[in-house]
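Visitor: Can you keep this structure in mind? I'll have questions shortly.
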Amino acid sequence: MKLLVYGTLKQGHMNHERFSMDEQEFIGTGSIEGFTLVQPAGIPFPFLIPEVGGTVKGEVYEVSD
């Protein structure tokens, strides 16, 4: 399955090591349209807010189930 990661889970950022696993393959960069990042409690989460729209950009990986 494909997984989009953003923020500190991307390569070169402090939490990428937490995400890294043996069975993953970097595909490239990507985005999810219609979502915007909101930060309740200081942690960014993508939310679908149709009236706001937006794009969440990140890195795409192929990962095992």
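Letters A, B, ... go to the chains of the structure tokens in the order shown; residues in each chain start at 1; ligands are counted from 1 in the same order.
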Can you tell me, as a list of chain:residue names, what residues are no more than 9 Å from Val52 in chain A when counting only C-alpha atoms, ignoring any on the same chain fewer than 4 positions away?

Guide: A:Gly34, A:Phe35, A:Thr36, A:Leu48

Visitor: Please provide the set of residues having any atom within 9 Å of Leu4 in chain A, restricted to only C-alpha atoms, with same-chain residues fewer than 6 positions apart removed, written as an MDAnalysis selection string.

Guide: chainID A and resid 29:32 57:61

Visitor: From the list A:Pro46, A:Gly28, A:Pro40, A:Gly54, which residue is nearest Gly7 in chain A when using only C-alpha atoms?

Guide: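 Result for the nearest residue to Gly7 in chain A: A:Pro46.
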
Visitor: I need the residues in chain A that are strand (DSSP E or B) according to DSSP; give them as a PyMOL selection string.

Guide: chain A and resi 2-5+24-33+35-38+45-48+55-63

Visitor: For the selection just defined, write its residues with N, CA and C atoms to a file, as a compact mmCIF listing (two decimals), in the first residue's frame.

Guide:
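Listing of part-v3.txt after writing:
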# COMPACT_ATOMS: atom_id res chain seq x y z
N LYS A 2 0.36 2.33 -0.51
CA LYS A 2 1.12 3.58 -0.54
C LYS A 2 0.74 4.44 0.67
N LEU A 3 1.73 5.13 1.20
CA LEU A 3 1.56 5.96 2.39
C LEU A 3 2.23 7.30 2.16
N LEU A 4 1.52 8.39 2.44
CA LEU A 4 2.09 9.73 2.35
C LEU A 4 2.48 10.18 3.76
N VAL A 5 3.73 10.57 3.94
CA VAL A 5 4.17 11.12 5.23
C VAL A 5 4.51 12.59 5.04
N GLN A 24 9.92 -0.84 3.36
CA GLN A 24 9.39 0.39 2.78
C GLN A 24 10.24 0.77 1.59
N GLU A 25 9.60 1.41 0.62
CA GLU A 25 10.33 1.88 -0.56
C GLU A 25 9.88 3.30 -0.84
N PHE A 26 10.86 4.22 -0.92
CA PHE A 26 10.56 5.61 -1.25
C PHE A 26 10.14 5.68 -2.71
N ILE A 27 8.95 6.25 -2.96
CA ILE A 27 8.43 6.39 -4.32
C ILE A 27 8.75 7.78 -4.88
N GLY A 28 8.57 8.81 -4.07
CA GLY A 28 8.81 10.19 -4.50
C GLY A 28 7.96 11.15 -3.68
N THR A 29 7.83 12.35 -4.17
CA THR A 29 7.01 13.33 -3.48
C THR A 29 5.58 13.24 -3.98
N GLY A 30 4.64 13.71 -3.15
CA GLY A 30 3.24 13.67 -3.53
C GLY A 30 2.43 14.63 -2.70
N SER A 31 1.15 14.64 -2.92
CA SER A 31 0.27 15.54 -2.17
C SER A 31 -1.14 14.98 -2.12
N ILE A 32 -1.91 15.48 -1.17
CA ILE A 32 -3.33 15.15 -1.04
C ILE A 32 -4.09 16.45 -1.15
N GLU A 33 -4.94 16.54 -2.16
CA GLU A 33 -5.72 17.74 -2.41
C GLU A 33 -6.95 17.79 -1.50
N PHE A 35 -7.21 18.81 1.57
CA PHE A 35 -6.95 18.74 3.00
C PHE A 35 -6.11 19.94 3.42
N THR A 36 -6.26 20.32 4.67
CA THR A 36 -5.43 21.39 5.24
C THR A 36 -4.87 20.89 6.57
N LEU A 37 -3.70 21.37 6.94
CA LEU A 37 -3.11 20.98 8.21
C LEU A 37 -3.63 21.89 9.31
N VAL A 38 -4.14 21.29 10.37
CA VAL A 38 -4.53 22.04 11.57
C VAL A 38 -3.69 21.50 12.72
N PHE A 45 -2.23 17.86 11.95
CA PHE A 45 -3.03 16.76 11.41
C PHE A 45 -3.73 17.24 10.15
N PRO A 46 -3.81 16.38 9.12
CA PRO A 46 -4.57 16.77 7.92
C PRO A 46 -6.07 16.58 8.16
N PHE A 47 -6.85 17.60 7.86
CA PHE A 47 -8.31 17.54 7.98
C PHE A 47 -8.92 17.93 6.65
N LEU A 48 -10.00 17.25 6.31
CA LEU A 48 -10.76 17.59 5.12
C LEU A 48 -11.75 18.67 5.50
N THR A 55 -3.78 21.80 0.31
CA THR A 55 -2.98 20.67 -0.15
C THR A 55 -1.98 20.31 0.93
N VAL A 56 -1.89 19.04 1.24
CA VAL A 56 -0.86 18.54 2.15
C VAL A 56 0.19 17.87 1.29
N LYS A 57 1.42 18.35 1.37
CA LYS A 57 2.53 17.82 0.57
C LYS A 57 3.42 16.95 1.45
N GLY A 58 3.99 15.92 0.86
CA GLY A 58 4.86 15.04 1.61
C GLY A 58 5.62 14.09 0.71
N GLU A 59 6.03 12.96 1.29
CA GLU A 59 6.76 11.93 0.58
C GLU A 59 5.89 10.67 0.54
N VAL A 60 5.96 9.97 -0.58
CA VAL A 60 5.16 8.76 -0.77
C VAL A 60 6.06 7.54 -0.65
N TYR A 61 5.60 6.56 0.12
CA TYR A 61 6.31 5.30 0.32
C TYR A 61 5.39 4.14 0.00
N GLU A 62 5.98 3.07 -0.50
CA GLU A 62 5.29 1.79 -0.62
C GLU A 62 5.65 1.02 0.65
N VAL A 63 4.65 0.60 1.42
CA VAL A 63 4.88 -0.10 2.67
C VAL A 63 4.08 -1.40 2.67

Visitor: So how far away is CA of Pro44 in chain A from CA of Ser64 in chain A, in Å?

Guide: 24.8 Å

Visitor: How many Å lie between CA of Met14 in chain A and CA of Ile43 in chain A, rounded to one decimal?

Guide: 14.3 Å

Visitor: Just the alpha helix (DSSP H) stuff from chain A, please, per backbone DSSP, written as a tab-separated table (two decimals) with N, CA and C atoms, in the first residue's frame.

Guide:
chain	number	residue	atom	x	y	z
A	16	HIS	N	12.00	10.88	11.22
A	16	HIS	CA	12.05	9.93	10.11
A	16	HIS	C	12.52	8.56	10.57
A	17	GLU	N	13.45	8.51	11.50
A	17	GLU	CA	13.95	7.23	12.03
A	17	GLU	C	12.83	6.43	12.67
A	18	ARG	N	11.86	7.09	13.30
A	18	ARG	CA	10.72	6.39	13.92
A	18	ARG	C	9.84	5.73	12.86
A	19	PHE	N	9.75	6.37	11.71
A	19	PHE	CA	8.94	5.85	10.62
A	19	PHE	C	9.66	4.75	9.85

Visitor: Do you have the CA of Met1 in chain A-CA of His13 in chain A distance handy?

Guide: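 Between CA of Met1 in chain A and CA of His13 in chain A the gap is 22.8 Å.
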